[in-house]
$ cat my_file-v4.pdb   # PDB, C-alpha atoms, pLDDT in the B column
ATOM      1  CA  MET A  24      92.409 148.164  76.832  1.00 92.00           C
ATOM      2  CA  ASN A  25      95.798 148.753  78.442  1.00 96.00           C
ATOM      3  CA  THR A  26      99.002 148.651  76.412  1.00 97.00           C
ATOM      4  CA  ARG A  27     101.693 146.143  77.365  1.00 96.00           C
ATOM      5  CA  GLN A  28     103.653 148.965  78.996  1.00 97.00           C
ATOM      6  CA  GLU A  29     100.602 149.977  81.039  1.00 97.00           C
ATOM      7  CA  GLN A  30     100.015 146.362  82.052  1.00 97.00           C
ATOM      8  CA  LEU A  31     103.610 146.033  83.261  1.00 97.00           C
ATOM      9  CA  HIS A  32     103.295 149.319  85.135  1.00 98.00           C
ATOM     10  CA  ALA A  33     100.148 148.069  86.891  1.00 97.00           C
ATOM     11  CA  PHE A  34     101.871 144.819  87.848  1.00 97.00           C
ATOM     12  CA  ASN A  35     104.912 146.717  89.138  1.00 97.00           C
ATOM     13  CA  ARG A  36     102.542 148.906  91.196  1.00 98.00           C
ATOM     14  CA  LEU A  37     101.081 145.776  92.781  1.00 98.00           C
ATOM     15  CA  LEU A  38     104.563 144.507  93.642  1.00 98.00           C
ATOM     16  CA  ASP A  39     105.401 147.864  95.274  1.00 98.00           C
ATOM     17  CA  ILE A  40     102.175 147.823  97.293  1.00 98.00           C
ATOM     18  CA  MET A  41     102.902 144.256  98.410  1.00 98.00           C
ATOM     19  CA  ASP A  42     106.335 145.357  99.608  1.00 98.00           C
ATOM     20  CA  ASP A  43     104.722 148.184 101.607  1.00 98.00           C
ATOM     21  CA  LEU A  44     102.059 145.946 103.149  1.00 97.00           C
ATOM     22  CA  ARG A  45     104.540 143.268 104.144  1.00 97.00           C
ATOM     23  CA  GLU A  46     106.705 145.883 105.858  1.00 96.00           C
ATOM     24  CA  LYS A  47     104.090 148.113 107.467  1.00 97.00           C
ATOM     25  CA  CYS A  48     100.751 146.330 107.931  1.00 97.00           C
ATOM     26  CA  PRO A  49     100.451 144.209 111.116  1.00 96.00           C
ATOM     27  CA  TRP A  50      98.097 141.697 109.473  1.00 97.00           C
ATOM     28  CA  ASP A  51     100.112 141.291 106.280  1.00 97.00           C
ATOM     29  CA  LYS A  52     103.376 140.976 108.220  1.00 97.00           C
ATOM     30  CA  LYS A  53     101.915 138.087 110.204  1.00 97.00           C
ATOM     31  CA  GLN A  54     100.841 135.925 107.242  1.00 97.00           C
ATOM     32  CA  THR A  55     102.618 132.723 106.208  1.00 97.00           C
ATOM     33  CA  LEU A  56     102.265 130.344 103.283  1.00 97.00           C
ATOM     34  CA  GLU A  57     100.097 128.137 105.493  1.00 96.00           C
ATOM     35  CA  SER A  58      97.875 130.920 106.839  1.00 96.00           C
ATOM     36  CA  LEU A  59      97.078 132.139 103.313  1.00 97.00           C
ATOM     37  CA  ARG A  60      96.192 128.695 101.972  1.00 94.00           C
ATOM     38  CA  HIS A  61      92.542 128.533 103.026  1.00 92.00           C
ATOM     39  CA  LEU A  62      92.012 132.141 101.928  1.00 95.00           C
ATOM     40  CA  THR A  63      93.404 131.316  98.481  1.00 96.00           C
ATOM     41  CA  ILE A  64      91.016 128.376  98.163  1.00 91.00           C
ATOM     42  CA  GLU A  65      88.123 130.661  99.138  1.00 93.00           C
ATOM     43  CA  GLU A  66      89.149 133.289  96.574  1.00 96.00           C
ATOM     44  CA  THR A  67      89.392 130.629  93.866  1.00 94.00           C
ATOM     45  CA  TYR A  68      85.865 129.440  94.591  1.00 91.00           C
ATOM     46  CA  GLU A  69      84.617 133.038  94.485  1.00 95.00           C
ATOM     47  CA  LEU A  70      86.236 133.409  91.068  1.00 96.00           C
ATOM     48  CA  GLY A  71      84.525 130.196  90.004  1.00 92.00           C
ATOM     49  CA  ASP A  72      81.146 131.569  91.118  1.00 92.00           C
ATOM     50  CA  ALA A  73      81.678 134.764  89.131  1.00 94.00           C
ATOM     51  CA  ILE A  74      82.602 132.754  86.034  1.00 94.00           C
ATOM     52  CA  LEU A  75      79.465 130.602  86.317  1.00 90.00           C
ATOM     53  CA  ASP A  76      77.377 133.774  86.701  1.00 91.00           C
ATOM     54  CA  ASN A  77      79.160 135.283  83.679  1.00 93.00           C
ATOM     55  CA  ASP A  78      79.641 138.453  85.743  1.00 96.00           C
ATOM     56  CA  LEU A  79      82.593 140.048  83.961  1.00 97.00           C
ATOM     57  CA  LEU A  80      82.996 142.878  86.472  1.00 97.00           C
ATOM     58  CA  GLU A  81      83.082 140.401  89.345  1.00 97.00           C
ATOM     59  CA  ILE A  82      85.490 138.143  87.414  1.00 97.00           C
ATOM     60  CA  LYS A  83      87.879 141.100  87.079  1.00 98.00           C
ATOM     61  CA  LYS A  84      87.712 141.755  90.830  1.00 97.00           C
ATOM     62  CA  GLU A  85      88.167 138.113  91.786  1.00 97.00           C
ATOM     63  CA  LEU A  86      91.097 137.712  89.387  1.00 98.00           C
ATOM     64  CA  GLY A  87      92.707 140.631  91.215  1.00 97.00           C
ATOM     65  CA  ASP A  88      92.246 138.824  94.536  1.00 97.00           C
ATOM     66  CA  VAL A  89      93.821 135.656  93.138  1.00 97.00           C
ATOM     67  CA  LEU A  90      96.696 137.656  91.622  1.00 98.00           C
ATOM     68  CA  LEU A  91      97.288 139.308  94.983  1.00 98.00           C
ATOM     69  CA  HIS A  92      97.673 135.901  96.586  1.00 98.00           C
ATOM     70  CA  ILE A  93     100.210 134.822  93.972  1.00 98.00           C
ATOM     71  CA  VAL A  94     102.234 137.975  94.580  1.00 98.00           C
ATOM     72  CA  PHE A  95     101.867 137.465  98.354  1.00 98.00           C
ATOM     73  CA  TYR A  96     103.245 133.913  98.209  1.00 98.00           C
ATOM     74  CA  ALA A  97     106.122 135.050  96.022  1.00 98.00           C
ATOM     75  CA  LYS A  98     106.941 137.885  98.452  1.00 98.00           C
ATOM     76  CA  ILE A  99     107.058 135.449 101.381  1.00 98.00           C
ATOM     77  CA  GLY A 100     109.262 133.123  99.323  1.00 98.00           C
ATOM     78  CA  SER A 101     111.673 135.939  98.550  1.00 98.00           C
ATOM     79  CA  GLU A 102     112.159 136.690 102.238  1.00 97.00           C
ATOM     80  CA  THR A 103     113.955 133.370 102.709  1.00 96.00           C
ATOM     81  CA  ASN A 104     115.632 133.503  99.279  1.00 97.00           C
ATOM     82  CA  ALA A 105     113.594 130.443  98.243  1.00 97.00           C
ATOM     83  CA  PHE A 106     112.003 132.101  95.184  1.00 98.00           C
ATOM     84  CA  ASP A 107     110.566 135.419  94.040  1.00 97.00           C
ATOM     85  CA  ILE A 108     107.939 136.510  91.514  1.00 98.00           C
ATOM     86  CA  GLY A 109     110.541 136.410  88.733  1.00 97.00           C
ATOM     87  CA  ASP A 110     111.285 132.768  89.515  1.00 98.00           C
ATOM     88  CA  VAL A 111     107.565 131.998  89.537  1.00 97.00           C
ATOM     89  CA  ALA A 112     107.021 133.645  86.147  1.00 97.00           C
ATOM     90  CA  ASN A 113     110.131 132.101  84.573  1.00 97.00           C
ATOM     91  CA  SER A 114     109.179 128.678  85.882  1.00 96.00           C
ATOM     92  CA  ILE A 115     105.799 128.691  84.194  1.00 96.00           C
ATOM     93  CA  CYS A 116     107.253 130.239  81.027  1.00 97.00           C
ATOM     94  CA  ASP A 117     109.853 127.468  80.792  1.00 94.00           C
ATOM     95  CA  LYS A 118     107.184 124.826  81.355  1.00 91.00           C
ATOM     96  CA  LEU A 119     104.907 126.282  78.674  1.00 93.00           C
ATOM     97  CA  VAL A 120     107.720 126.387  76.134  1.00 93.00           C
ATOM     98  CA  ASP A 121     108.769 122.806  76.939  1.00 89.00           C
ATOM     99  CA  ARG A 122     105.182 121.515  76.831  1.00 87.00           C
ATOM    100  CA  HIS A 123     104.385 123.187  73.485  1.00 91.00           C
ATOM    101  CA  PRO A 124     106.945 121.776  71.052  1.00 89.00           C
ATOM    102  CA  HIS A 125     104.364 122.250  68.287  1.00 89.00           C
ATOM    103  CA  ILE A 126     104.749 126.007  68.857  1.00 87.00           C
ATOM    104  CA  TYR A 127     108.354 126.382  70.028  1.00 91.00           C
ATOM    105  CA  GLY A 128     109.819 123.317  68.314  1.00 85.00           C
ATOM    106  CA  ASP A 129     109.409 121.253  65.187  1.00 84.00           C
ATOM    107  CA  MET A 130     106.632 118.910  66.340  1.00 84.00           C
ATOM    108  CA  VAL A 131     103.459 118.810  64.243  1.00 84.00           C
ATOM    109  CA  VAL A 132     100.061 118.100  65.813  1.00 81.00           C
ATOM    110  CA  ALA A 133      96.748 117.437  64.133  1.00 78.00           C
ATOM    111  CA  ASP A 134      94.327 118.786  66.734  1.00 85.00           C
ATOM    112  CA  GLU A 135      93.607 119.698  70.351  1.00 82.00           C
ATOM    113  CA  GLU A 136      93.386 116.041  71.387  1.00 78.00           C
ATOM    114  CA  GLU A 137      96.906 115.333  70.165  1.00 80.00           C
ATOM    115  CA  VAL A 138      98.169 118.374  72.092  1.00 82.00           C
ATOM    116  CA  LYS A 139      96.681 116.881  75.304  1.00 77.00           C
ATOM    117  CA  GLN A 140      98.231 113.483  74.658  1.00 76.00           C
ATOM    118  CA  ASN A 141     101.651 115.012  74.017  1.00 78.00           C
ATOM    119  CA  TRP A 142     101.296 117.077  77.221  1.00 75.00           C
ATOM    120  CA  GLU A 143     100.919 113.924  79.326  1.00 72.00           C
ATOM    121  CA  LYS A 144     103.760 112.140  77.511  1.00 75.00           C
ATOM    122  CA  LEU A 145     106.071 115.101  78.089  1.00 76.00           C
ATOM    123  CA  LYS A 146     105.225 115.124  81.800  1.00 73.00           C
ATOM    124  CA  LEU A 147     106.248 111.468  82.071  1.00 71.00           C
ATOM    125  CA  LYS A 148     109.517 112.236  80.289  1.00 72.00           C
ATOM    126  CA  GLU A 149     110.159 114.960  82.890  1.00 73.00           C
ATOM    127  CA  GLY A 150     110.343 112.280  85.572  1.00 70.00           C
ATOM    128  CA  LYS A 151     106.775 111.790  86.768  1.00 74.00           C
ATOM    129  CA  LYS A 152     106.104 108.132  87.510  1.00 78.00           C
ATOM    130  CA  SER A 153     102.355 108.349  86.991  1.00 84.00           C
ATOM    131  CA  VAL A 154     100.096 110.500  84.867  1.00 81.00           C
ATOM    132  CA  LEU A 155      97.920 110.843  87.969  1.00 89.00           C
ATOM    133  CA  GLU A 156     100.631 112.552  90.038  1.00 84.00           C
ATOM    134  CA  GLY A 157      99.365 115.919  88.832  1.00 79.00           C
ATOM    135  CA  VAL A 158      95.916 115.440  90.394  1.00 88.00           C
ATOM    136  CA  PRO A 159      95.898 117.271  93.765  1.00 87.00           C
ATOM    137  CA  LYS A 160      94.893 115.047  96.672  1.00 88.00           C
ATOM    138  CA  SER A 161      92.801 117.802  98.250  1.00 85.00           C
ATOM    139  CA  LEU A 162      90.562 118.388  95.223  1.00 87.00           C
ATOM    140  CA  PRO A 163      86.829 117.914  95.855  1.00 89.00           C
ATOM    141  CA  ALA A 164      85.889 114.353  94.872  1.00 92.00           C
ATOM    142  CA  LEU A 165      83.744 115.308  91.869  1.00 92.00           C
ATOM    143  CA  VAL A 166      86.438 117.544  90.383  1.00 91.00           C
ATOM    144  CA  LYS A 167      89.097 114.952  91.164  1.00 94.00           C
ATOM    145  CA  ALA A 168      87.178 112.219  89.332  1.00 95.00           C
ATOM    146  CA  SER A 169      86.893 114.443  86.274  1.00 93.00           C
ATOM    147  CA  ARG A 170      90.606 115.265  86.310  1.00 91.00           C
ATOM    148  CA  ILE A 171      91.566 111.602  86.770  1.00 94.00           C
ATOM    149  CA  GLN A 172      89.536 110.677  83.707  1.00 94.00           C
ATOM    150  CA  ASP A 173      91.065 113.513  81.679  1.00 89.00           C
ATOM    151  CA  LYS A 174      94.552 112.423  82.673  1.00 87.00           C
ATOM    152  CA  VAL A 175      94.201 108.750  81.735  1.00 89.00           C
ATOM    153  CA  LYS A 176      92.500 109.720  78.496  1.00 88.00           C
ATOM    154  CA  GLY A 177      95.703 111.575  77.614  1.00 80.00           C
ATOM    155  CA  VAL A 178      97.580 108.255  77.406  1.00 81.00           C
ATOM    156  CA  GLY A 179      94.828 106.418  75.562  1.00 86.00           C
ATOM    157  CA  PHE A 180      93.006 104.740  78.462  1.00 89.00           C
ATOM    158  CA  ASP A 181      89.469 105.619  77.486  1.00 91.00           C
ATOM    159  CA  TRP A 182      86.226 104.430  75.954  1.00 92.00           C
ATOM    160  CA  GLU A 183      85.785 104.850  72.211  1.00 91.00           C
ATOM    161  CA  GLU A 184      82.106 105.759  71.940  1.00 93.00           C
ATOM    162  CA  PRO A 185      79.572 107.526  74.203  1.00 93.00           C
ATOM    163  CA  HIS A 186      77.169 104.569  74.083  1.00 95.00           C
ATOM    164  CA  GLN A 187      79.838 102.369  75.707  1.00 96.00           C
ATOM    165  CA  VAL A 188      80.034 104.774  78.635  1.00 96.00           C
ATOM    166  CA  TRP A 189      76.242 104.908  78.933  1.00 97.00           C
ATOM    167  CA  ASP A 190      76.144 101.101  78.976  1.00 96.00           C
ATOM    168  CA  LYS A 191      78.637 101.249  81.858  1.00 97.00           C
ATOM    169  CA  VAL A 192      76.385 103.694  83.712  1.00 97.00           C
ATOM    170  CA  GLN A 193      73.480 101.268  83.316  1.00 97.00           C
ATOM    171  CA  GLU A 194      75.628  98.385  84.522  1.00 97.00           C
ATOM    172  CA  GLU A 195      76.728 100.316  87.612  1.00 97.00           C
ATOM    173  CA  LEU A 196      73.123 101.303  88.377  1.00 97.00           C
ATOM    174  CA  GLN A 197      72.073  97.664  88.269  1.00 97.00           C
ATOM    175  CA  GLU A 198      74.915  96.697  90.601  1.00 97.00           C
ATOM    176  CA  LEU A 199      73.853  99.481  92.961  1.00 97.00           C
ATOM    177  CA  GLN A 200      70.278  98.170  93.023  1.00 97.00           C
ATOM    178  CA  VAL A 201      71.530  94.679  93.887  1.00 97.00           C
ATOM    179  CA  GLU A 202      73.432  96.041  96.882  1.00 97.00           C
ATOM    180  CA  VAL A 203      70.513  98.248  97.947  1.00 97.00           C
ATOM    181  CA  ALA A 204      68.391  95.106  98.041  1.00 96.00           C
ATOM    182  CA  SER A 205      71.052  93.318 100.100  1.00 95.00           C
ATOM    183  CA  GLY A 206      71.138  96.144 102.655  1.00 95.00           C
ATOM    184  CA  ASN A 207      74.936  96.096 102.999  1.00 95.00           C
ATOM    185  CA  GLN A 208      75.713  99.789 103.617  1.00 96.00           C
ATOM    186  CA  GLU A 209      79.417  99.515 102.841  1.00 95.00           C
ATOM    187  CA  LYS A 210      78.750  97.882  99.467  1.00 96.00           C
ATOM    188  CA  ILE A 211      75.941 100.346  98.724  1.00 97.00           C
ATOM    189  CA  GLU A 212      78.371 103.218  99.226  1.00 97.00           C
ATOM    190  CA  ALA A 213      80.977 101.561  97.014  1.00 97.00           C
ATOM    191  CA  GLU A 214      78.504 100.983  94.191  1.00 97.00           C
ATOM    192  CA  PHE A 215      77.069 104.478  94.562  1.00 97.00           C
ATOM    193  CA  GLY A 216      80.598 105.825  94.098  1.00 97.00           C
ATOM    194  CA  ASP A 217      80.950 103.726  90.942  1.00 97.00           C
ATOM    195  CA  VAL A 218      77.686 105.189  89.587  1.00 97.00           C
ATOM    196  CA  LEU A 219      78.904 108.732  90.198  1.00 97.00           C
ATOM    197  CA  PHE A 220      82.288 107.999  88.635  1.00 97.00           C
ATOM    198  CA  SER A 221      80.666 106.520  85.529  1.00 97.00           C
ATOM    199  CA  MET A 222      78.238 109.457  85.251  1.00 97.00           C
ATOM    200  CA  ILE A 223      81.152 111.903  85.412  1.00 96.00           C
ATOM    201  CA  ASN A 224      82.804 109.885  82.656  1.00 96.00           C
ATOM    202  CA  TYR A 225      79.622 110.091  80.567  1.00 96.00           C
ATOM    203  CA  ALA A 226      79.487 113.859  81.127  1.00 96.00           C
ATOM    204  CA  ARG A 227      82.943 114.113  79.605  1.00 94.00           C
ATOM    205  CA  PHE A 228      81.742 112.345  76.456  1.00 94.00           C
ATOM    206  CA  LEU A 229      78.797 114.732  76.290  1.00 95.00           C
ATOM    207  CA  LYS A 230      81.274 117.633  76.607  1.00 93.00           C
ATOM    208  CA  VAL A 231      79.617 118.686  79.858  1.00 94.00           C
ATOM    209  CA  ASN A 232      81.664 119.863  82.825  1.00 93.00           C
ATOM    210  CA  PRO A 233      80.033 117.924  85.698  1.00 94.00           C
ATOM    211  CA  GLU A 234      81.145 120.395  88.366  1.00 91.00           C
ATOM    212  CA  ASP A 235      79.673 123.335  86.467  1.00 91.00           C
ATOM    213  CA  ALA A 236      76.509 121.398  85.656  1.00 94.00           C
ATOM    214  CA  LEU A 237      75.941 120.428  89.287  1.00 94.00           C
ATOM    215  CA  GLU A 238      76.690 123.932  90.562  1.00 91.00           C
ATOM    216  CA  ARG A 239      74.212 125.442  88.109  1.00 93.00           C
ATOM    217  CA  THR A 240      71.624 122.963  89.370  1.00 95.00           C
ATOM    218  CA  ASN A 241      72.491 123.973  92.940  1.00 94.00           C
ATOM    219  CA  LYS A 242      71.934 127.625  92.064  1.00 92.00           C
ATOM    220  CA  LYS A 243      68.668 126.791  90.324  1.00 94.00           C
ATOM    221  CA  PHE A 244      67.428 124.792  93.311  1.00 95.00           C
ATOM    222  CA  ILE A 245      68.378 127.561  95.754  1.00 95.00           C
ATOM    223  CA  LYS A 246      66.540 130.170  93.680  1.00 93.00           C
ATOM    224  CA  ARG A 247      63.391 128.052  93.488  1.00 94.00           C
ATOM    225  CA  PHE A 248      63.460 127.087  97.150  1.00 94.00           C
ATOM    226  CA  GLN A 249      63.925 130.694  98.229  1.00 94.00           C
ATOM    227  CA  TYR A 250      60.897 131.602  96.095  1.00 92.00           C
ATOM    228  CA  LEU A 251      58.976 128.924  97.981  1.00 92.00           C
ATOM    229  CA  GLU A 252      60.148 130.405 101.290  1.00 92.00           C
ATOM    230  CA  SER A 253      59.092 133.908 100.238  1.00 93.00           C
ATOM    231  CA  LYS A 254      55.614 132.687  99.305  1.00 90.00           C
ATOM    232  CA  ALA A 255      55.276 130.892 102.632  1.00 89.00           C
ATOM    233  CA  THR A 256      56.257 134.132 104.379  1.00 91.00           C
ATOM    234  CA  GLU A 257      53.610 136.052 102.408  1.00 90.00           C
ATOM    235  CA  LEU A 258      51.021 133.537 103.608  1.00 89.00           C
ATOM    236  CA  GLY A 259      52.299 133.809 107.162  1.00 90.00           C
ATOM    237  CA  LYS A 260      52.635 130.036 107.234  1.00 88.00           C
ATOM    238  CA  PRO A 261      55.939 128.303 108.179  1.00 88.00           C
ATOM    239  CA  LEU A 262      57.154 125.745 105.637  1.00 88.00           C
ATOM    240  CA  MET A 263      57.022 123.055 108.341  1.00 88.00           C
ATOM    241  CA  ASP A 264      53.270 123.588 108.608  1.00 89.00           C
ATOM    242  CA  MET A 265      52.678 123.272 104.860  1.00 89.00           C
ATOM    243  CA  THR A 266      51.939 120.000 103.121  1.00 90.00           C
ATOM    244  CA  LEU A 267      54.122 118.813 100.260  1.00 91.00           C
ATOM    245  CA  ALA A 268      51.170 119.406  97.929  1.00 91.00           C
ATOM    246  CA  GLU A 269      50.954 123.044  99.054  1.00 89.00           C
ATOM    247  CA  MET A 270      54.695 123.539  98.662  1.00 91.00           C
ATOM    248  CA  ASP A 271      54.625 121.914  95.238  1.00 91.00           C
ATOM    249  CA  ILE A 272      52.239 124.610  93.948  1.00 91.00           C
ATOM    250  CA  PHE A 273      54.812 127.322  94.629  1.00 91.00           C
ATOM    251  CA  TRP A 274      57.658 125.093  93.425  1.00 92.00           C
ATOM    252  CA  GLU A 275      55.957 124.766  90.045  1.00 93.00           C
ATOM    253  CA  GLU A 276      55.452 128.545  90.003  1.00 91.00           C
ATOM    254  CA  ALA A 277      59.162 129.003  90.622  1.00 92.00           C
ATOM    255  CA  LYS A 278      59.990 126.654  87.747  1.00 90.00           C
ATOM    256  CA  ARG A 279      57.778 128.640  85.384  1.00 89.00           C
ATOM    257  CA  LEU A 280      59.458 131.869  86.488  1.00 84.00           C
TER     258      LEU A 280
END
$ encode --input "my_file-v4.pdb" --output "structure tokens"
Amino acid sequence: MNTRQEQLHAFNRLLDIMDDLREKCPWDKKQTLESLRHLTIEETYELGDAILDNDLLEIKKELGDVLLHIVFYAKIGSETNAFDIGDVANSICDKLVDRHPHIYGDMVVADEEEVKQNWEKLKLKEGKKSVLEGVPKSLPALVKASRIQDKVKGVGFDWEEPHQVWDKVQEELQELQVEVASGNQEKIEAEFGDVLFSMINYARFLKVNPEDALERTNKKFIKRFQYLESKATELGKPLMDMTLAEMDIFWEEAKRL
């Protein structure tokens, strides 16, 4: 692995390259904070995919792409004297020191859970009016629900036992069935949302990341369905012309594989 000096040299090299690109490359010169935003989101999802696949080489590459974006934003900020990469690094360093008084102060904590609770309390002392202010509005709904639940847990608003959460799931399912029977689409949607929210809560008690779990299921489904498609191609028979019973034979094969 690289020494600290080598790491700093590599980071300095990236800063120099960013300076060159911003000055000389037509595409890089044109970019703004806003134009990079959707690309950053895309790179973050690509990193997430690599992590789920446990592809360490790909993780390294995607981390580089994300790091480039951070340096890019900081470079644009420096051009208007708003902030530079030093300000970005010092800002997060200061926050980490302030939020870890059990490391950089005299506070004593018993475990990881107490660290989380202190984190949320410290954020409120910094001026935040709500523990939910830190949840980005643009997060995908499933991820947002998980983060909301994590946040309120940090101030003690939580169930005590997993069975209580499972009972809530059952209750929400029953309420959904009542609305399905009534045929009121608006109420069905509302109750369906409650079921999902309660299931995400239950996942937390099972120590399962619901986003990761669902994405792994997505990947599994895609792999099996593409196997089904390949078998249909071998038979020279379009999927639309196959019966569900015929498709199910290959689906079960895919599951065994």
$ resolve_selection --input "my_file-v4.pdb" --expression "the PyMOL selection byres ((chain A and resi 238-245) around 10)" --output "MDAnalysis selection string"
chainID A and resid 72 75:76 233:237 246:251 274 277:278
$ write_last_selection --input "my_file-v4.pdb" --atoms "C-alpha atoms" --output "PDB file, keeping the file's coordinate frame"
ATOM      1  CA  ASP A  72      81.146 131.569  91.118  1.00 92.00           C
ATOM      2  CA  LEU A  75      79.465 130.602  86.317  1.00 90.00           C
ATOM      3  CA  ASP A  76      77.377 133.774  86.701  1.00 91.00           C
ATOM      4  CA  PRO A 233      80.033 117.924  85.698  1.00 94.00           C
ATOM      5  CA  GLU A 234      81.145 120.395  88.366  1.00 91.00           C
ATOM      6  CA  ASP A 235      79.673 123.335  86.467  1.00 91.00           C
ATOM      7  CA  ALA A 236      76.509 121.398  85.656  1.00 94.00           C
ATOM      8  CA  LEU A 237      75.941 120.428  89.287  1.00 94.00           C
ATOM      9  CA  LYS A 246      66.540 130.170  93.680  1.00 93.00           C
ATOM     10  CA  ARG A 247      63.391 128.052  93.488  1.00 94.00           C
ATOM     11  CA  PHE A 248      63.460 127.087  97.150  1.00 94.00           C
ATOM     12  CA  GLN A 249      63.925 130.694  98.229  1.00 94.00           C
ATOM     13  CA  TYR A 250      60.897 131.602  96.095  1.00 92.00           C
ATOM     14  CA  LEU A 251      58.976 128.924  97.981  1.00 92.00           C
ATOM     15  CA  TRP A 274      57.658 125.093  93.425  1.00 92.00           C
ATOM     16  CA  ALA A 277      59.162 129.003  90.622  1.00 92.00           C
ATOM     17  CA  LYS A 278      59.990 126.654  87.747  1.00 90.00           C
TER      18      LYS A 278
END
$ resolve_selection --input "my_file-v4.pdb" --expression "the PyMOL selection byres ((chain A and resi 121-128) around 12)" --output "VMD selection string"
chain A and resid 114 to 120 129 to 135 137 to 149
$ atom_distance --input "my_file-v4.pdb" --atom1 "CA of Lys98 in chain A" --atom2 "CA of Leu31 in chain A"
17.6 Å
$ residues_around --input "my_file-v4.pdb" --residues "Val89 in chain A" --least-positions-apart "5" --cutoff "10 Å" --atoms "all atoms listed in the file" --output "mmCIF file with C-alpha atoms, in the coordinates of the input"
data_model
loop_
_atom_site.group_PDB
_atom_site.id
_atom_site.type_symbol
_atom_site.label_atom_id
_atom_site.label_comp_id
_atom_site.auth_asym_id
_atom_site.auth_seq_id
_atom_site.Cartn_x
_atom_site.Cartn_y
_atom_site.Cartn_z
ATOM 1 C CA LEU A 62 92.012 132.141 101.928
ATOM 2 C CA THR A 63 93.404 131.316 98.481
ATOM 3 C CA ILE A 64 91.016 128.376 98.163
ATOM 4 C CA GLU A 65 88.123 130.661 99.138
ATOM 5 C CA GLU A 66 89.149 133.289 96.574
ATOM 6 C CA THR A 67 89.392 130.629 93.866
ATOM 7 C CA GLU A 69 84.617 133.038 94.485
ATOM 8 C CA LEU A 70 86.236 133.409 91.068
ATOM 9 C CA LYS A 84 87.712 141.755 90.830
ATOM 10 C CA VAL A 94 102.234 137.975 94.580
ATOM 11 C CA PHE A 95 101.867 137.465 98.354
#
$ atom_distance --input "my_file-v4.pdb" --atom1 "CA of Ile108 in chain A" --atom2 "CA of Met24 in chain A"
24.3 Å
$ closest_residue --input "my_file-v4.pdb" --among "A:Val154, A:Gly71, A:Glu57, A:Leu196" --to "Gly179 in chain A" --atoms "all atoms listed in the file"
A:Val154
$ resolve_selection --input "my_file-v4.pdb" --expression "the PyMOL selection byres ((chain A and resi 189) around 10)" --output "ChimeraX atom specification"
/A:184-188,190-195,221-222,224-226,228
$ residues_around --input "my_file-v4.pdb" --residues "Leu44 in chain A" --least-positions-apart "4" --cutoff "12 Å" --atoms "only C-alpha atoms" --output "ChimeraX atom specification"
/A:37-40,48-54,91,94-95,98-99
$ atom_distance --input "my_file-v4.pdb" --atom1 "CA of Ala168 in chain A" --atom2 "CA of Glu81 in chain A"
28.5 Å
$ closest_residue --input "my_file-v4.pdb" --among "A:Gln208, A:Thr266, A:Ser169, A:Ser161" --to "Lys230 in chain A" --atoms "all atoms listed in the file"
A:Ser169
$ residues_around --input "my_file-v4.pdb" --residues "Glu202 in chain A" --least-positions-apart "4" --cutoff "12 Å" --atoms "all atoms listed in the file" --output "PDB file with C-alpha atoms, in the coordinates of the input"
ATOM      1  CA  GLU A 195      76.728 100.316  87.612  1.00 97.00           C
ATOM      2  CA  LEU A 196      73.123 101.303  88.377  1.00 97.00           C
ATOM      3  CA  GLN A 197      72.073  97.664  88.269  1.00 97.00           C
ATOM      4  CA  GLU A 198      74.915  96.697  90.601  1.00 97.00           C
ATOM      5  CA  GLY A 206      71.138  96.144 102.655  1.00 95.00           C
ATOM      6  CA  ASN A 207      74.936  96.096 102.999  1.00 95.00           C
ATOM      7  CA  GLN A 208      75.713  99.789 103.617  1.00 96.00           C
ATOM      8  CA  GLU A 209      79.417  99.515 102.841  1.00 95.00           C
ATOM      9  CA  LYS A 210      78.750  97.882  99.467  1.00 96.00           C
ATOM     10  CA  ILE A 211      75.941 100.346  98.724  1.00 97.00           C
ATOM     11  CA  GLU A 212      78.371 103.218  99.226  1.00 97.00           C
ATOM     12  CA  ALA A 213      80.977 101.561  97.014  1.00 97.00           C
ATOM     13  CA  GLU A 214      78.504 100.983  94.191  1.00 97.00           C
ATOM     14  CA  PHE A 215      77.069 104.478  94.562  1.00 97.00           C
TER      15      PHE A 215
END
$ residues_near_point --input "my_file-v4.pdb" --point "(94.9, 113.9, 85.8)" --cutoff "12 Å" --atoms "all atoms listed in the file" --output "ChimeraX atom specification"
/A:139-140,142-143,146,153-160,162,166-178,180
$ write_last_selection --input "my_file-v4.pdb" --atoms "C-alpha atoms" --output "CSV table (one decimal), in the coordinates of the input"
chain,number,residue,atom,x,y,z
A,139,LYS,CA,96.7,116.9,75.3
A,140,GLN,CA,98.2,113.5,74.7
A,142,TRP,CA,101.3,117.1,77.2
A,143,GLU,CA,100.9,113.9,79.3
A,146,LYS,CA,105.2,115.1,81.8
A,153,SER,CA,102.4,108.3,87.0
A,154,VAL,CA,100.1,110.5,84.9
A,155,LEU,CA,97.9,110.8,88.0
A,156,GLU,CA,100.6,112.6,90.0
A,157,GLY,CA,99.4,115.9,88.8
A,158,VAL,CA,95.9,115.4,90.4
A,159,PRO,CA,95.9,117.3,93.8
A,160,LYS,CA,94.9,115.0,96.7
A,162,LEU,CA,90.6,118.4,95.2
A,166,VAL,CA,86.4,117.5,90.4
A,167,LYS,CA,89.1,115.0,91.2
A,168,ALA,CA,87.2,112.2,89.3
A,169,SER,CA,86.9,114.4,86.3
A,170,ARG,CA,90.6,115.3,86.3
A,171,ILE,CA,91.6,111.6,86.8
A,172,GLN,CA,89.5,110.7,83.7
A,173,ASP,CA,91.1,113.5,81.7
A,174,LYS,CA,94.6,112.4,82.7
A,175,VAL,CA,94.2,108.8,81.7
A,176,LYS,CA,92.5,109.7,78.5
A,177,GLY,CA,95.7,111.6,77.6
A,178,VAL,CA,97.6,108.3,77.4
A,180,PHE,CA,93.0,104.7,78.5
$ residues_near_point --input "my_file-v4.pdb" --point "(104.8, 132.2, 94.5)" --cutoff "10 Å" --atoms "all atoms listed in the file" --output "list in words"
Leu56, His92, Ile93, Val94, Phe95, Tyr96, Ala97, Lys98, Ile99, Gly100, Ser101, Ala105, Phe106, Asp107, Ile108, Gly109, Asp110, Val111 and Ala112 of chain A
